[in-house]
$ cat query.pdb   # PDB, C-alpha atoms
ATOM      1  CA  MET A 219      15.493  63.088 -33.203  1.00  0.00           C
ATOM      2  CA  LEU A 220      12.413  61.229 -34.485  1.00  0.00           C
ATOM      3  CA  LEU A 221      14.442  58.041 -34.810  1.00  0.00           C
ATOM      4  CA  VAL A 222      15.562  58.248 -31.160  1.00  0.00           C
ATOM      5  CA  LEU A 223      11.971  58.861 -29.995  1.00  0.00           C
ATOM      6  CA  GLY A 224      10.738  55.919 -32.067  1.00  0.00           C
ATOM      7  CA  ILE A 225      13.322  53.555 -30.566  1.00  0.00           C
ATOM      8  CA  LEU A 226      12.594  54.849 -27.067  1.00  0.00           C
ATOM      9  CA  LYS A 227       8.860  54.286 -27.592  1.00  0.00           C
ATOM     10  CA  TRP A 228       9.404  50.595 -28.512  1.00  0.00           C
ATOM     11  CA  ILE A 229      11.761  50.013 -25.595  1.00  0.00           C
ATOM     12  CA  LEU A 230       9.245  51.486 -23.137  1.00  0.00           C
ATOM     13  CA  LEU A 231       6.451  49.399 -24.699  1.00  0.00           C
ATOM     14  CA  ILE A 232       8.455  46.183 -24.194  1.00  0.00           C
ATOM     15  CA  ILE A 233       9.225  47.149 -20.586  1.00  0.00           C
ATOM     16  CA  LEU A 234       5.517  47.842 -19.975  1.00  0.00           C
ATOM     17  CA  ILE A 235       4.512  44.439 -21.377  1.00  0.00           C
ATOM     18  CA  LEU A 236       7.088  42.655 -19.202  1.00  0.00           C
ATOM     19  CA  PHE A 237       5.899  44.566 -16.133  1.00  0.00           C
ATOM     20  CA  LEU A 238       2.260  43.602 -16.820  1.00  0.00           C
ATOM     21  CA  LEU A 239       3.198  39.933 -17.228  1.00  0.00           C
ATOM     22  CA  LEU A 240       5.057  40.042 -13.925  1.00  0.00           C
ATOM     23  CA  LEU A 241       2.056  41.673 -12.251  1.00  0.00           C
ATOM     24  CA  ILE A 242      -0.316  39.006 -13.616  1.00  0.00           C
ATOM     25  CA  LEU A 243       2.006  36.256 -12.344  1.00  0.00           C
ATOM     26  CA  LEU A 244       2.147  37.853  -8.910  1.00  0.00           C
ATOM     27  CA  LEU A 245      -1.654  38.145  -8.742  1.00  0.00           C
ATOM     28  CA  LEU A 246      -2.027  34.483  -9.735  1.00  0.00           C
ATOM     29  CA  LEU A 247       0.331  33.417  -6.955  1.00  0.00           C
ATOM     30  CA  LEU A 248      -1.515  35.544  -4.398  1.00  0.00           C
ATOM     31  CA  PHE A 249      -5.130  34.769  -5.250  1.00  0.00           C
ATOM     32  CA  VAL A 250      -5.129  31.242  -6.719  1.00  0.00           C
ATOM     33  CA  PRO A 251      -4.898  28.731  -3.864  1.00  0.00           C
ATOM     34  CA  PHE A 252      -2.373  25.937  -3.685  1.00  0.00           C
ATOM     35  CA  ARG A 253      -2.487  22.921  -1.401  1.00  0.00           C
ATOM     36  CA  TYR A 254       0.268  21.065   0.323  1.00  0.00           C
ATOM     37  CA  GLU A 255       0.513  17.992   2.525  1.00  0.00           C
ATOM     38  CA  ILE A 256       3.564  16.791   4.425  1.00  0.00           C
ATOM     39  CA  PHE A 257       3.774  13.684   6.592  1.00  0.00           C
ATOM     40  CA  GLY A 258       6.759  12.057   8.252  1.00  0.00           C
ATOM     41  CA  GLU A 259       7.518   9.700  11.111  1.00  0.00           C
ATOM     42  CA  LYS A 260      10.278   7.653  12.678  1.00  0.00           C
ATOM     43  CA  GLU A 261       9.804   4.949  15.225  1.00  0.00           C
ATOM     44  CA  ARG A 262      12.390   4.498  17.930  1.00  0.00           C
ATOM     45  CA  GLU A 263      13.400   1.043  16.673  1.00  0.00           C
ATOM     46  CA  GLU A 264      13.713   2.109  13.031  1.00  0.00           C
ATOM     47  CA  LYS A 265      16.979   3.447  11.677  1.00  0.00           C
ATOM     48  CA  ILE A 266      15.501   5.164   8.626  1.00  0.00           C
ATOM     49  CA  PRO A 267      12.542   7.586   8.787  1.00  0.00           C
ATOM     50  CA  ARG A 268       9.708   7.576   6.268  1.00  0.00           C
ATOM     51  CA  GLY A 269       7.603  10.355   4.878  1.00  0.00           C
ATOM     52  CA  ARG A 270       5.709  11.776   1.941  1.00  0.00           C
ATOM     53  CA  GLY A 271       4.731  15.167   0.621  1.00  0.00           C
ATOM     54  CA  LYS A 272       2.512  16.730  -2.042  1.00  0.00           C
ATOM     55  CA  LEU A 273       2.244  20.202  -3.523  1.00  0.00           C
ATOM     56  CA  SER A 274      -0.715  21.026  -5.784  1.00  0.00           C
ATOM     57  CA  TYR A 275      -1.265  24.190  -7.742  1.00  0.00           C
ATOM     58  CA  PRO A 276      -3.821  24.414 -10.576  1.00  0.00           C
ATOM     59  CA  GLY A 277      -2.243  22.418 -13.376  1.00  0.00           C
ATOM     60  CA  LEU A 278       0.931  21.559 -11.439  1.00  0.00           C
ATOM     61  CA  LYS A 279       1.378  18.579  -9.109  1.00  0.00           C
ATOM     62  CA  ILE A 280       4.596  17.612  -7.342  1.00  0.00           C
ATOM     63  CA  SER A 281       4.759  14.594  -5.042  1.00  0.00           C
ATOM     64  CA  GLY A 282       7.451  12.587  -3.339  1.00  0.00           C
ATOM     65  CA  SER A 283       7.917   9.863  -0.766  1.00  0.00           C
ATOM     66  CA  PHE A 284      10.760   8.309   1.198  1.00  0.00           C
ATOM     67  CA  GLN A 285      10.192   4.769   2.466  1.00  0.00           C
ATOM     68  CA  GLU A 286      12.622   1.983   3.303  1.00  0.00           C
ATOM     69  CA  GLY A 287      15.530   4.071   2.070  1.00  0.00           C
ATOM     70  CA  ASN A 288      14.000   4.623  -1.378  1.00  0.00           C
ATOM     71  CA  LEU A 289      13.201   8.129  -2.605  1.00  0.00           C
ATOM     72  CA  GLU A 290      10.459   8.425  -5.216  1.00  0.00           C
ATOM     73  CA  TYR A 291       9.333  11.713  -6.744  1.00  0.00           C
ATOM     74  CA  LYS A 292       7.194  12.918  -9.626  1.00  0.00           C
ATOM     75  CA  GLY A 293       6.277  16.278 -11.126  1.00  0.00           C
ATOM     76  CA  LYS A 294       3.432  16.854 -13.590  1.00  0.00           C
ATOM     77  CA  PHE A 295       2.074  19.851 -15.441  1.00  0.00           C
ATOM     78  CA  LEU A 296      -1.466  19.099 -16.654  1.00  0.00           C
ATOM     79  CA  TRP A 297      -1.061  15.558 -18.031  1.00  0.00           C
ATOM     80  CA  ILE A 298       2.609  15.885 -19.012  1.00  0.00           C
ATOM     81  CA  THR A 299       5.196  14.330 -16.686  1.00  0.00           C
ATOM     82  CA  LEU A 300       8.010  16.853 -16.232  1.00  0.00           C
ATOM     83  CA  PHE A 301      10.290  14.728 -14.062  1.00  0.00           C
ATOM     84  CA  GLU A 302      10.140  11.377 -12.323  1.00  0.00           C
ATOM     85  CA  GLY A 303      12.593   9.308 -10.374  1.00  0.00           C
ATOM     86  CA  GLY A 304      12.954   6.761  -7.703  1.00  0.00           C
ATOM     87  CA  LYS A 305      12.256   3.104  -7.290  1.00  0.00           C
ATOM     88  CA  GLU A 306      12.447   1.947 -10.927  1.00  0.00           C
ATOM     89  CA  GLU A 307      15.849   3.553 -11.458  1.00  0.00           C
ATOM     90  CA  ASN A 308      17.259   2.136  -8.212  1.00  0.00           C
ATOM     91  CA  SER A 309      16.053  -1.407  -8.911  1.00  0.00           C
ATOM     92  CA  GLU A 310      17.609  -1.334 -12.408  1.00  0.00           C
ATOM     93  CA  ASN A 311      20.930  -0.100 -11.016  1.00  0.00           C
ATOM     94  CA  GLU A 312      20.911  -2.733  -8.285  1.00  0.00           C
ATOM     95  CA  GLY A 313      20.227  -5.440 -10.868  1.00  0.00           C
ATOM     96  CA  ALA A 314      23.089  -4.207 -13.027  1.00  0.00           C
ATOM     97  CA  SER A 315      25.509  -4.166 -10.098  1.00  0.00           C
ATOM     98  CA  GLU A 316      24.461  -7.643  -9.031  1.00  0.00           C
ATOM     99  CA  ASN A 317      25.015  -8.929 -12.566  1.00  0.00           C
ATOM    100  CA  GLY A 318      28.409  -7.233 -12.629  1.00  0.00           C
ATOM    101  CA  GLU A 319      29.361  -8.883  -9.343  1.00  0.00           C
ATOM    102  CA  ASP A 320      28.168 -12.267 -10.644  1.00  0.00           C
ATOM    103  CA  SER A 321      30.270 -11.940 -13.780  1.00  0.00           C
ATOM    104  CA  GLU A 322      33.300 -10.947 -11.673  1.00  0.00           C
ATOM    105  CA  GLN A 323      32.781 -13.968  -9.437  1.00  0.00           C
ATOM    106  CA  GLN A 324      32.434 -16.243 -12.464  1.00  0.00           C
ATOM    107  CA  ALA A 325      35.617 -14.761 -13.917  1.00  0.00           C
ATOM    108  CA  GLY A 326      37.366 -15.445 -10.597  1.00  0.00           C
ATOM    109  CA  LEU A 327      36.185 -19.066 -10.674  1.00  0.00           C
ATOM    110  CA  THR A 328      37.457 -19.542 -14.211  1.00  0.00           C
ATOM    111  CA  GLU A 329      40.855 -18.135 -13.212  1.00  0.00           C
ATOM    112  CA  GLU A 330      41.036 -20.509 -10.268  1.00  0.00           C
ATOM    113  CA  GLU A 331      40.193 -23.441 -12.514  1.00  0.00           C
ATOM    114  CA  ASN A 332      43.145 -22.600 -14.768  1.00  0.00           C
TER     115      ASN A 332
END

$ encode --input "query.pdb" --output "structure tokens"
Amino acid sequence: MLLVLGILKWILLIILILFLLLLILLLLLLFVPFRYEIFGEKEREEKIPRGRGKLSYPGLKISGSFQEGNLEYKGKFLWITLFEGGKEENSENEGASENGEDSEQQAGLTEEEN
């Protein structure tokens, strides 16, 4: 009987700690302000719209933009970059595909020469 009560006591203590952590997280979300900014536009002559957005919470910053068909985004926690993507990756991929096309064209020329 004492063993069962001891195990039950530890289980209830763990549940209480998890509940308090959840309550603290909820209070932080309710009472610590976050800021956001969203901007977008599309002119009648343009085919592709452009826009940008930011979300800031103490210690966390997420930003993104879409211009000229390129999507760039970045997420940081304090000074550590969590994720980043966009223009650099696209330009490297485009360069690789162009080089691949050039090598295919050169291979085609060498076949025609034979």

$ axis_aligned_box --input "query.pdb" --around "range 257-273 of chain A" --padding-each-side "3 Å" --output "lines of an AutoDock Vina configuration file"
center_x = 9.6
center_y = 10.6
center_z = 7.2
size_x = 20.7
size_y = 25.2
size_z = 27.5

$ resolve_selection --input "query.pdb" --expression "the PyMOL selection byres ((chain A and resi 273-275) around 12)" --output "list in words"
Leu246, Leu247, Leu248, Phe249, Val250, Pro251, Phe252, Arg253, Tyr254, Glu255, Ile256, Arg270, Gly271, Lys272, Pro276, Gly277, Leu278, Lys279, Ile280, Ser281, Gly282, Tyr291, Lys292, Gly293, Lys294, Phe295 and Leu296 of chain A

$ residues_around --input "query.pdb" --residues "Leu289 in chain A" --least-positions-apart "2" --cutoff "6 Å" --atoms "all atoms listed in the file" --output "NGL selection string"
:A and (283-284 or 304)

$ atom_distance --input "query.pdb" --atom1 "CA of Gly269 in chain A" --atom2 "CA of Phe257 in chain A"
5.4 Å

$ closest_residue --input "query.pdb" --among "A:Gly303, A:Pro267, A:Leu238, A:Lys227" --to "Gln285 in chain A" --atoms "all atoms listed in the file"
A:Pro267

$ atom_distance --input "query.pdb" --atom1 "CA of Glu264 in chain A" --atom2 "CA of Asn288 in chain A"
14.6 Å
